[in-house]
Each structure stands twice: as C-alpha cells, then as structure tokens.
file upload.cif (mmCIF, C-alpha atoms)
data_upload
#
loop_
_atom_site.label_atom_id
_atom_site.label_comp_id
_atom_site.auth_asym_id
_atom_site.auth_seq_id
_atom_site.Cartn_x
_atom_site.Cartn_y
_atom_site.Cartn_z
CA MET Y 282 83.83 207.68 15.01
CA LYS Y 283 84.36 203.95 15.24
CA GLY Y 284 81.23 203.58 17.41
CA LYS Y 285 79.19 205.58 14.88
CA ARG Y 286 80.28 203.30 12.01
CA MET Y 287 79.32 200.25 14.06
CA HIS Y 288 75.95 201.78 14.85
CA ASP Y 289 75.30 202.53 11.15
CA THR Y 290 76.31 199.00 10.16
CA ILE Y 291 73.91 197.48 12.67
CA LYS Y 292 71.09 199.76 11.49
CA ARG Y 293 71.63 198.76 7.86
CA ALA Y 294 71.70 195.08 8.77
CA ALA Y 295 68.49 195.42 10.78
CA ALA Y 296 66.78 197.25 7.92
CA GLY Y 297 67.82 194.53 5.47
CA LEU Y 298 66.51 191.76 7.70
CA ALA Y 299 63.21 193.57 8.20
CA ALA Y 300 62.82 193.95 4.44
CA LEU Y 301 63.44 190.22 3.95
CA PHE Y 302 60.83 189.25 6.52
CA LEU Y 303 58.29 191.66 5.03
CA THR Y 304 58.73 190.27 1.51
CA VAL Y 305 57.94 186.68 2.49
CA PRO Y 306 54.28 187.33 3.43
CA ALA Y 307 53.88 189.41 0.29
CA TRP Y 308 55.24 186.58 -1.89
CA ALA Y 309 52.97 184.09 -0.14
CA ALA Y 310 49.93 186.34 -0.55
CA GLY Y 311 50.67 186.70 -4.23
CA GLY Y 312 50.90 182.92 -4.60
CA ALA Y 313 47.61 182.48 -2.73
CA LYS Y 314 45.86 184.99 -4.99
CA ALA Y 315 47.13 183.29 -8.14
CA ALA Y 316 46.20 179.83 -6.86
CA ALA Y 317 42.69 180.99 -5.88
CA ALA Y 318 42.07 182.61 -9.26
CA THR Y 319 42.74 179.53 -11.38
CA PRO Y 320 42.91 176.30 -9.36
CA ASP Y 321 44.99 173.86 -11.38
CA PRO Y 322 47.22 171.69 -9.13
CA ALA Y 323 49.29 170.21 -11.98
CA ARG Y 324 50.23 173.60 -13.41
CA ASP Y 325 50.85 175.18 -10.00
CA TRP Y 326 53.02 172.28 -8.80
CA ASP Y 327 55.10 172.57 -11.98
CA LEU Y 328 55.54 176.32 -11.47
CA LEU Y 329 56.67 175.81 -7.88
CA TRP Y 330 59.01 172.99 -8.86
CA ASN Y 331 60.60 175.10 -11.63
CA GLU Y 332 61.03 177.91 -9.13
CA VAL Y 333 62.77 175.61 -6.66
CA ILE Y 334 65.12 174.33 -9.38
CA PHE Y 335 65.89 177.93 -10.43
CA ASP Y 336 66.66 178.96 -6.83
CA ILE Y 337 68.85 175.91 -6.23
CA THR Y 338 70.74 176.56 -9.47
CA ILE Y 339 71.44 180.20 -8.57
CA ILE Y 340 72.52 179.27 -5.05
CA GLY Y 341 74.75 176.50 -6.42
CA ILE Y 342 76.43 178.88 -8.86
CA LEU Y 343 77.03 181.46 -6.11
CA PHE Y 344 78.49 178.81 -3.81
CA ALA Y 345 80.73 177.53 -6.61
CA ILE Y 346 82.02 181.05 -7.32
CA VAL Y 347 82.71 181.75 -3.64
CA THR Y 348 84.42 178.36 -3.22
CA ALA Y 349 86.59 178.95 -6.30
CA TRP Y 350 87.54 182.38 -4.98
CA PHE Y 351 88.52 180.94 -1.58
CA ILE Y 352 90.60 178.24 -3.28
CA TRP Y 353 92.36 180.84 -5.38
CA GLN Y 354 93.00 183.13 -2.42
CA ALA Y 355 94.30 180.29 -0.26
CA ARG Y 356 96.51 178.74 -2.94
CA ARG Y 357 100.06 177.82 -2.05
CA ARG Y 358 102.55 180.54 -2.93
CA PRO Y 359 106.33 180.40 -3.39
CA GLY Y 360 108.33 180.60 -0.19
CA ASN Y 361 105.56 179.13 1.97
CA GLU Y 362 104.00 182.53 2.47
CA VAL Y 363 101.79 182.76 5.55
CA GLY Y 364 98.40 184.37 4.90
CA ALA Y 365 96.64 186.88 7.09
CA SER Y 366 92.90 187.49 7.41
CA VAL Y 367 91.38 190.92 6.98
CA PRO Y 368 90.54 192.37 10.39
CA LEU Y 369 86.79 192.85 10.90
CA SER Y 370 84.93 194.88 13.48
CA PRO Y 371 82.45 192.98 15.69
CA ALA Y 372 79.53 194.47 13.75
CA SER Y 373 81.04 193.46 10.40
CA ALA Y 374 81.72 189.92 11.65
CA VAL Y 375 78.11 189.57 12.83
CA GLY Y 376 76.82 191.03 9.56
CA TRP Y 377 78.84 188.62 7.40
CA VAL Y 378 77.35 185.71 9.34
CA VAL Y 379 73.77 186.80 9.97
CA ILE Y 380 72.84 188.54 6.71
CA PRO Y 381 73.75 185.63 4.36
CA ILE Y 382 71.90 183.25 6.68
CA PHE Y 383 68.72 185.27 6.46
CA VAL Y 384 69.09 185.82 2.71
CA PHE Y 385 69.04 182.06 2.13
CA LEU Y 386 66.44 181.58 4.87
CA SER Y 387 64.12 184.01 3.08
CA ILE Y 388 64.30 181.83 -0.04
CA ASP Y 389 63.38 178.76 2.01
CA LEU Y 390 60.52 180.62 3.70
CA TYR Y 391 59.25 181.83 0.35
CA THR Y 392 59.25 178.31 -1.11
CA ALA Y 393 57.67 176.82 2.01
CA ALA Y 394 54.94 179.50 2.10
CA ASN Y 395 54.02 178.93 -1.54
CA GLY Y 396 54.06 175.16 -1.04
CA TRP Y 397 51.72 175.52 1.94
CA VAL Y 398 49.35 177.76 -0.03
CA LEU Y 399 49.37 175.32 -2.94
CA TRP Y 400 48.67 172.36 -0.67
CA ASN Y 401 45.72 174.10 0.95
CA THR Y 402 44.40 175.01 -2.51
CA PHE Y 403 44.67 171.39 -3.58
CA ARG Y 404 42.75 170.16 -0.53
CA ASP Y 405 39.98 172.72 -1.15
CA VAL Y 406 37.75 170.96 -3.67
CA PRO Y 407 36.13 173.20 -6.34
CA ALA Y 408 32.37 173.69 -6.12
CA ASN Y 409 31.74 172.76 -9.78
CA ARG Y 410 33.23 169.31 -9.35
CA MET Y 411 32.08 165.90 -10.52
CA GLU Y 412 32.36 163.26 -7.80
CA ILE Y 413 33.15 159.65 -8.69
CA LYS Y 414 33.55 156.76 -6.25
CA LEU Y 415 36.65 154.61 -6.48
CA GLU Y 416 37.10 151.19 -4.89
CA ALA Y 417 40.62 149.83 -5.15
CA GLY Y 418 41.37 146.13 -4.92
CA MET Y 419 43.84 143.48 -5.97
CA TYR Y 420 44.37 144.33 -8.76
CA SER Y 421 42.01 146.87 -10.28
CA TRP Y 422 40.52 150.34 -10.01
CA ASP Y 423 36.70 150.23 -9.95
CA TYR Y 424 35.00 153.56 -10.68
CA THR Y 425 31.30 154.28 -10.02
CA TYR Y 426 29.66 157.40 -11.46
CA PRO Y 427 26.81 159.24 -9.68
CA ASN Y 428 24.22 157.67 -12.02
CA GLY Y 429 25.43 154.12 -11.26
CA VAL Y 430 27.56 153.60 -14.40
CA ARG Y 431 30.65 151.51 -13.59
CA THR Y 432 34.02 151.12 -15.28
CA GLN Y 433 37.14 149.19 -14.38
CA ASN Y 434 40.70 150.48 -14.89
CA GLU Y 435 39.37 153.14 -17.24
CA LEU Y 436 38.00 156.46 -16.05
CA VAL Y 437 36.30 158.60 -18.70
CA VAL Y 438 35.81 162.26 -17.77
CA PRO Y 439 34.84 165.51 -19.54
CA ALA Y 440 37.44 168.20 -20.22
CA GLY Y 441 36.98 171.42 -18.27
CA THR Y 442 35.32 169.86 -15.20
CA PRO Y 443 37.25 169.23 -11.95
CA ILE Y 444 37.04 165.55 -10.98
CA VAL Y 445 36.94 164.37 -7.36
CA LEU Y 446 37.60 160.73 -6.49
CA ARG Y 447 36.15 159.49 -3.19
CA MET Y 448 38.31 156.46 -2.53
CA THR Y 449 38.31 153.35 -0.40
CA SER Y 450 39.77 149.83 -0.63
CA ARG Y 451 38.24 146.40 -0.27
CA ASP Y 452 41.41 144.59 0.78
CA THR Y 453 44.69 146.41 1.49
CA LEU Y 454 46.47 149.73 1.08
CA HIS Y 455 46.72 151.11 -2.46
CA SER Y 456 47.78 154.51 -3.80
CA HIS Y 457 46.04 156.09 -6.77
CA TYR Y 458 48.73 157.99 -8.68
CA ILE Y 459 48.13 160.09 -11.81
CA PRO Y 460 51.57 161.39 -12.86
CA ASP Y 461 50.30 163.81 -15.53
CA PHE Y 462 48.10 165.60 -12.98
CA ARG Y 463 50.70 165.49 -10.18
CA VAL Y 464 48.26 163.92 -7.71
CA LYS Y 465 48.56 160.83 -5.53
CA GLU Y 466 46.53 159.65 -2.56
CA ASP Y 467 46.20 156.40 -0.62
CA SER Y 468 43.03 154.33 -0.60
CA MET Y 469 42.57 152.08 2.40
CA PRO Y 470 39.98 149.77 3.96
CA GLY Y 471 37.49 151.34 6.35
CA ARG Y 472 38.34 154.92 5.41
CA ILE Y 473 37.31 157.33 2.65
CA THR Y 474 40.04 159.51 1.21
CA TYR Y 475 39.92 161.84 -1.76
CA LEU Y 476 41.90 163.55 -4.46
CA TRP Y 477 40.92 165.87 -7.27
CA PHE Y 478 42.40 166.92 -10.59
CA ASN Y 479 41.49 169.34 -13.33
CA PRO Y 480 41.49 167.83 -16.86
CA THR Y 481 41.67 170.87 -19.11
CA LYS Y 482 41.93 169.23 -22.54
CA PRO Y 483 41.16 165.87 -24.19
CA GLY Y 484 43.77 163.14 -23.99
CA GLU Y 485 44.82 159.94 -22.20
CA HIS Y 486 46.72 159.67 -18.92
CA ILE Y 487 48.24 156.72 -17.07
CA VAL Y 488 47.09 155.61 -13.61
CA THR Y 489 49.39 153.47 -11.45
CA CYS Y 490 49.44 152.13 -7.91
CA ALA Y 491 52.24 153.83 -5.98
CA GLU Y 492 52.00 151.58 -2.90
CA TYR Y 493 53.27 148.00 -2.95
CA CYS Y 494 50.10 145.93 -2.51
CA GLY Y 495 51.05 142.36 -3.46
CA VAL Y 496 52.85 140.10 -5.93
CA MET Y 497 50.96 141.55 -8.92
CA HIS Y 498 51.35 145.17 -7.83
CA GLY Y 499 53.03 146.09 -11.12
CA TYR Y 500 49.95 145.04 -13.11
CA MET Y 501 47.63 147.42 -11.24
CA ALA Y 502 47.50 150.07 -13.94
CA GLY Y 503 44.73 151.98 -15.60
CA ARG Y 504 44.10 155.08 -17.63
CA ILE Y 505 42.09 158.25 -17.60
CA ILE Y 506 40.44 159.25 -20.87
CA VAL Y 507 39.54 162.92 -21.09
CA LYS Y 508 36.91 163.62 -23.74
CA ALA Y 509 35.44 166.83 -25.10
CA PRO Y 510 32.15 167.62 -23.29
CA GLU Y 511 29.94 166.59 -26.24
CA GLU Y 512 31.88 163.34 -26.76
CA TYR Y 513 31.65 162.59 -23.04
CA ALA Y 514 27.88 163.19 -23.08
CA ALA Y 515 27.48 160.75 -26.02
CA TRP Y 516 29.66 158.15 -24.27
CA MET Y 517 27.72 158.49 -21.01
CA LYS Y 518 24.39 158.17 -22.82
CA GLY Y 519 25.56 154.90 -24.35
CA GLU Y 520 26.70 153.63 -20.94
CA GLU Y 521 23.37 154.58 -19.35
CA THR Y 522 21.50 152.70 -22.08
CA ARG Y 523 23.68 149.65 -21.54
CA LEU Y 524 23.20 149.85 -17.77
CA ALA Y 525 19.43 150.15 -18.16
CA ALA Y 526 19.38 147.06 -20.39
CA LEU Y 527 21.42 145.06 -17.87
CA THR Y 528 19.30 146.06 -14.89
CA ALA Y 529 15.89 145.85 -16.57
CA PRO Y 530 13.70 143.14 -14.99
CA GLU Y 531 13.13 140.10 -17.13
CA PRO Y 532 9.62 139.87 -18.61
CA ALA Y 533 7.34 137.45 -16.81
CA PRO Y 534 6.71 134.21 -18.70
CA ALA Y 535 3.43 134.13 -20.61
CA ALA Y 536 0.66 132.27 -18.85
CA LYS Y 537 -0.18 128.91 -20.40
CA PRO Y 538 -3.74 128.61 -21.76
CA ALA Y 539 -6.01 126.58 -19.53
CA LYS Y 540 -6.87 123.10 -20.74
CA PRO Y 541 -10.51 122.70 -21.79
CA ALA Y 542 -12.61 120.70 -19.38
CA ALA Y 543 -13.22 117.11 -20.40
CA LYS Y 544 -16.76 116.39 -21.67
CA LYS Y 545 -18.87 114.00 -19.67
CA THR Y 546 -20.11 110.96 -21.51
#

call {"tool": "encode", "arguments": {"input": "upload.cif", "output": "structure tokens"}}
result
Amino acid sequence: MKGKRMHDTIKRAAAGLAALFLTVPAWAAGGAKAAAATPDPARDWDLLWNEVIFDITIIGILFAIVTAWFIWQARRRPGNEVGASVPLSPASAVGWVVIPIFVFLSIDLYTAANGWVLWNTFRDVPANRMEIKLEAGMYSWDYTYPNGVRTQNELVVPAGTPIVLRMTSRDTLHSHYIPDFRVKEDSMPGRITYLWFNPTKPGEHIVTCAEYCGVMHGYMAGRIIVKAPEEYAAWMKGEETRLAALTAPEPAPAAKPAKPAAKKT
C-alpha cells in the first residue's frame, strides 16, 4: 500500500512538471504571434516589464506568507517546548523540493522566452521603414535624411512610420537613448549600428547620450519631433527648398562689354 502511494505521488509530480514544461513554449509562441502582428517595441517592453513586476509581487507575497507561517509555527512556547517535524515519505520530500523549484523556474522561463522573442522582434526592422543616417560627435547628434536634408539635435519624423537610425561616430563612443521609445544603442567610430522605433502619434521626445563621452557629456541632448504626416510633408518641403537654395550654384558674373577700338588719326 505504501509503495502504491509513493508510485502515485511520483506520477502526479511527473505529470505536473510535464505540464509546466509544455506551457512555456505555448506562452512564448503566443508572445511571438502578438509581437509579429503589431511591432511596437515601446509598448511590448512595457507589457513585459509590467508582467515581470506582477510576477515578482505575487512571488514576494507568497514568500512573505510562508515566512510568517514558519515564524508563527516556530515561536517560543511556555516551558521550552521542543518541536517535532512532520514525518515525510521519500517521495513527499522530493516533491516538496522539486515541484516548487520548477513552478518558479517556469515563471523565469516564461519571462526569458518572451524577452527573447521581443528582442528578436526589435532587431527585425520593418519593411515600411524610413532610414535616416546619424553621426554622433562631441557634442551633437547630426541627422541626414535620404534626400540630403540635415538637422542637428532635432529629428523630425512622421507619425505612423517606423524610423531606422543608421549610426556611427566621428570621435568616440556615444549612446543614442530615447527613453519614451525604450530604445538605446551605441554609436562608435568605424562601425555602423542601428536602432528603430515606431512613433505612433504626434509629440516631442527627449534624446540623451547614455554613454559618458567627455566633460560636456551632460549637454549632449536633443529631441525627436513627431508630426502628423501632412505637417511632416510640409516641413520637409520647406527644408528641401532651403537646401536647394543653399546648394544652388552661384550665377556667373556678367561679361563686361568690350571697349570700342580707338580711332586712328
């Protein structure tokens, strides 16, 4: 009878562990499907972060309850009473150790799987992107649009279009950080790196350098201005007109009229 109970306990524990391992790929697949449907790194990072905070909170509450229960059970009693532990079978002892470990491990695996999926989604640049070159330097961000328009410390982009920055540096290591879009990537000499973000609505966002680059590192700030598509088109047209005026060749000086030949006397 005792052997049968042990066998049943082991079977239940094995079934529980199998169920935990099977749910992790399913959770990860669900996260991958959601990320692929609507790529938005800022929103997806926030969802994952809120999930991590929720899991940590629940685990912390459970640990606090168990700790309080142990403290209450092991409190000092009158007469210096000596406590006694509840006898456990070998299978029960293994179950009490292994099952909680894998319960918490499944939460870690779930979080890690979704983080991996999200990271891969972030590194996979959308096809409908707009690419802008960025050259970092002490102490400015210099943006160059595909048509040659240039701005410094101010990136103007249209809402609803994913933006990709192809980045390099002309002097030392910098890090282009946009807190509102949850993206940050280093720019360095001799190498092209990239990041992308998805501005969904008009507004302004701060850009900072997240890598110490010199004595004026704190002044290396900029902003991203997200405009409605029609406002962006009007702004870009004005910039193109200004660029054309600056790059237009200067008119050649008018030829001086030839002097009339002197009359012979």

call {"tool": "atom_distance", "arguments": {"input": "upload.cif", "atom1": "atom CA of Trp422 of chain Y", "atom2": "atom CA of Asn434 of chain Y"}}
result
4.9 Å

call {"tool": "atom_distance", "arguments": {"input": "upload.cif", "atom1": "atom CA of Lys482 of chain Y", "atom2": "atom CA of Thr449 of chain Y"}}
result
27.5 Å

call {"tool": "atom_distance", "arguments": {"input": "upload.cif", "atom1": "atom CA of His486 of chain Y", "atom2": "atom CA of Glu435 of chain Y"}}
result
10.0 Å

call {"tool": "closest_residue", "arguments": {"input": "upload.cif", "among": "Y:Ile459, Y:Gly396, Y:Arg410, Y:Ala526", "to": "Glu485 of chain Y", "atoms": "all atoms listed in the file"}}
result
Y:Ile459

call {"tool": "closest_residue", "arguments": {"input": "upload.cif", "among": "Y:Val464, Y:Ala349, Y:Ala491, Y:Leu343", "to": "Pro322 of chain Y", "atoms": "only C-alpha atoms"}}
result
Y:Val464

call {"tool": "resolve_selection", "arguments": {"input": "upload.cif", "expression": "the PyMOL selection byres ((chain Y and resi 508-525) around 9)", "output": "ChimeraX atom specification"}}
result
/Y:428-431,437-442,482-485,506-507,526-529

call {"tool": "write_last_selection", "arguments": {"input": "upload.cif", "atoms": "C-alpha atoms", "output": "mmCIF file, in the coordinates of the input"}}
result
data_model
loop_
_atom_site.group_PDB
_atom_site.id
_atom_site.type_symbol
_atom_site.label_atom_id
_atom_site.label_comp_id
_atom_site.auth_asym_id
_atom_site.auth_seq_id
_atom_site.Cartn_x
_atom_site.Cartn_y
_atom_site.Cartn_z
ATOM 1 C CA ASN Y 428 24.220 157.670 -12.020
ATOM 2 C CA GLY Y 429 25.430 154.120 -11.260
ATOM 3 C CA VAL Y 430 27.560 153.600 -14.400
ATOM 4 C CA ARG Y 431 30.650 151.510 -13.590
ATOM 5 C CA VAL Y 437 36.300 158.600 -18.700
ATOM 6 C CA VAL Y 438 35.810 162.260 -17.770
ATOM 7 C CA PRO Y 439 34.840 165.510 -19.540
ATOM 8 C CA ALA Y 440 37.440 168.200 -20.220
ATOM 9 C CA GLY Y 441 36.980 171.420 -18.270
ATOM 10 C CA THR Y 442 35.320 169.860 -15.200
ATOM 11 C CA LYS Y 482 41.930 169.230 -22.540
ATOM 12 C CA PRO Y 483 41.160 165.870 -24.190
ATOM 13 C CA GLY Y 484 43.770 163.140 -23.990
ATOM 14 C CA GLU Y 485 44.820 159.940 -22.200
ATOM 15 C CA ILE Y 506 40.440 159.250 -20.870
ATOM 16 C CA VAL Y 507 39.540 162.920 -21.090
ATOM 17 C CA ALA Y 526 19.380 147.060 -20.390
ATOM 18 C CA LEU Y 527 21.420 145.060 -17.870
ATOM 19 C CA THR Y 528 19.300 146.060 -14.890
ATOM 20 C CA ALA Y 529 15.890 145.850 -16.570
#

call {"tool": "resolve_selection", "arguments": {"input": "upload.cif", "expression": "the PyMOL selection byres ((chain Y and resi 490) around 7)", "output": "MDAnalysis selection string"}}
result
chainID Y and resid 455:458 489 491:492 501:502

call {"tool": "residues_around", "arguments": {"input": "upload.cif", "residues": "Ile340 of chain Y", "least_positions_apart": "4", "cutoff": "12 Å", "atoms": "all atoms listed in the file", "output": "list in words"}}
result
Val333, Ile334, Phe335, Asp336, Phe344, Ala345, Ile346, Val347, Pro381, Val384, Phe385, Leu386, Ile388 and Asp389 of chain Y

call {"tool": "resolve_selection", "arguments": {"input": "upload.cif", "expression": "the PyMOL selection byres ((chain Y and resi 412-416) around 7)", "output": "list in words"}}
result
Arg410, Met411, Ala417, Gly418, Trp422, Asp423, Tyr424, Thr425, Tyr426, Pro427, Ile444, Val445, Leu446, Arg447, Met448, Thr449, Ser450 and Arg451 of chain Y

call {"tool": "closest_residue", "arguments": {"input": "upload.cif", "among": "Y:Met419, Y:Leu329, Y:Thr348, Y:Phe403", "to": "Glu466 of chain Y", "atoms": "all atoms listed in the file"}}
result
Y:Phe403

call {"tool": "residues_near_point", "arguments": {"input": "upload.cif", "point": "(92.0, 184.3, 3.5)", "cutoff": "8 Å", "atoms": "only C-alpha atoms", "output": "list in words"}}
result
Phe351, Gln354, Ala355, Gly364, Ala365, Ser366 and Val367 of chain Y

call {"tool": "residues_around", "arguments": {"input": "upload.cif", "residues": "Trp326 of chain Y", "least_positions_apart": "2", "cutoff": "10 Å", "atoms": "all atoms listed in the file", "output": "list in words"}}
result
Asp321, Pro322, Ala323, Arg324, Leu328, Leu329, Trp330, Asn331, Glu332, Asn395, Gly396, Leu399, Trp400, Phe403, Phe462, Arg463 and Val464 of chain Y

call {"tool": "build_atoms", "arguments": {"input": "upload.cif", "residues": "segment 442-456 of chain Y", "atoms": "N, CA and C atoms", "output": "PDB file, in the coordinates of the input"}}
result
ATOM      1  N   THR Y 442      36.063 170.080 -16.443  1.00  0.00           N
ATOM      2  CA  THR Y 442      35.320 169.860 -15.200  1.00  0.00           C
ATOM      3  C   THR Y 442      36.245 169.234 -14.157  1.00  0.00           C
ATOM      4  N   PRO Y 443      36.432 169.861 -12.995  1.00  0.00           N
ATOM      5  CA  PRO Y 443      37.250 169.230 -11.950  1.00  0.00           C
ATOM      6  C   PRO Y 443      36.644 167.898 -11.517  1.00  0.00           C
ATOM      7  N   ILE Y 444      37.485 166.901 -11.335  1.00  0.00           N
ATOM      8  CA  ILE Y 444      37.040 165.550 -10.980  1.00  0.00           C
ATOM      9  C   ILE Y 444      37.529 165.231  -9.567  1.00  0.00           C
ATOM     10  N   VAL Y 445      36.611 164.787  -8.723  1.00  0.00           N
ATOM     11  CA  VAL Y 445      36.940 164.370  -7.360  1.00  0.00           C
ATOM     12  C   VAL Y 445      36.731 162.870  -7.244  1.00  0.00           C
ATOM     13  N   LEU Y 446      37.714 162.161  -6.745  1.00  0.00           N
ATOM     14  CA  LEU Y 446      37.600 160.730  -6.490  1.00  0.00           C
ATOM     15  C   LEU Y 446      37.464 160.506  -4.992  1.00  0.00           C
ATOM     16  N   ARG Y 447      36.345 159.899  -4.575  1.00  0.00           N
ATOM     17  CA  ARG Y 447      36.150 159.490  -3.190  1.00  0.00           C
ATOM     18  C   ARG Y 447      36.558 158.023  -3.106  1.00  0.00           C
ATOM     19  N   MET Y 448      37.635 157.746  -2.394  1.00  0.00           N
ATOM     20  CA  MET Y 448      38.310 156.460  -2.530  1.00  0.00           C
ATOM     21  C   MET Y 448      38.251 155.623  -1.259  1.00  0.00           C
ATOM     22  N   THR Y 449      38.164 154.314  -1.473  1.00  0.00           N
ATOM     23  CA  THR Y 449      38.310 153.350  -0.400  1.00  0.00           C
ATOM     24  C   THR Y 449      38.938 152.088  -0.995  1.00  0.00           C
ATOM     25  N   SER Y 450      39.158 151.085  -0.163  1.00  0.00           N
ATOM     26  CA  SER Y 450      39.770 149.830  -0.630  1.00  0.00           C
ATOM     27  C   SER Y 450      39.032 148.657  -0.020  1.00  0.00           C
ATOM     28  N   ARG Y 451      38.944 147.584  -0.777  1.00  0.00           N
ATOM     29  CA  ARG Y 451      38.240 146.400  -0.270  1.00  0.00           C
ATOM     30  C   ARG Y 451      39.187 145.360   0.318  1.00  0.00           C
ATOM     31  N   ASP Y 452      40.507 145.602   0.244  1.00  0.00           N
ATOM     32  CA  ASP Y 452      41.410 144.590   0.780  1.00  0.00           C
ATOM     33  C   ASP Y 452      42.599 145.183   1.534  1.00  0.00           C
ATOM     34  N   THR Y 453      43.475 145.927   0.857  1.00  0.00           N
ATOM     35  CA  THR Y 453      44.690 146.410   1.490  1.00  0.00           C
ATOM     36  C   THR Y 453      44.969 147.841   1.049  1.00  0.00           C
ATOM     37  N   LEU Y 454      46.128 148.346   1.400  1.00  0.00           N
ATOM     38  CA  LEU Y 454      46.470 149.730   1.080  1.00  0.00           C
ATOM     39  C   LEU Y 454      46.928 149.843  -0.372  1.00  0.00           C
ATOM     40  N   HIS Y 455      46.319 150.775  -1.093  1.00  0.00           N
ATOM     41  CA  HIS Y 455      46.720 151.110  -2.460  1.00  0.00           C
ATOM     42  C   HIS Y 455      46.950 152.616  -2.538  1.00  0.00           C
ATOM     43  N   SER Y 456      47.533 153.070  -3.624  1.00  0.00           N
ATOM     44  CA  SER Y 456      47.780 154.510  -3.800  1.00  0.00           C
ATOM     45  C   SER Y 456      47.493 154.882  -5.247  1.00  0.00           C
TER      46      SER Y 456
END
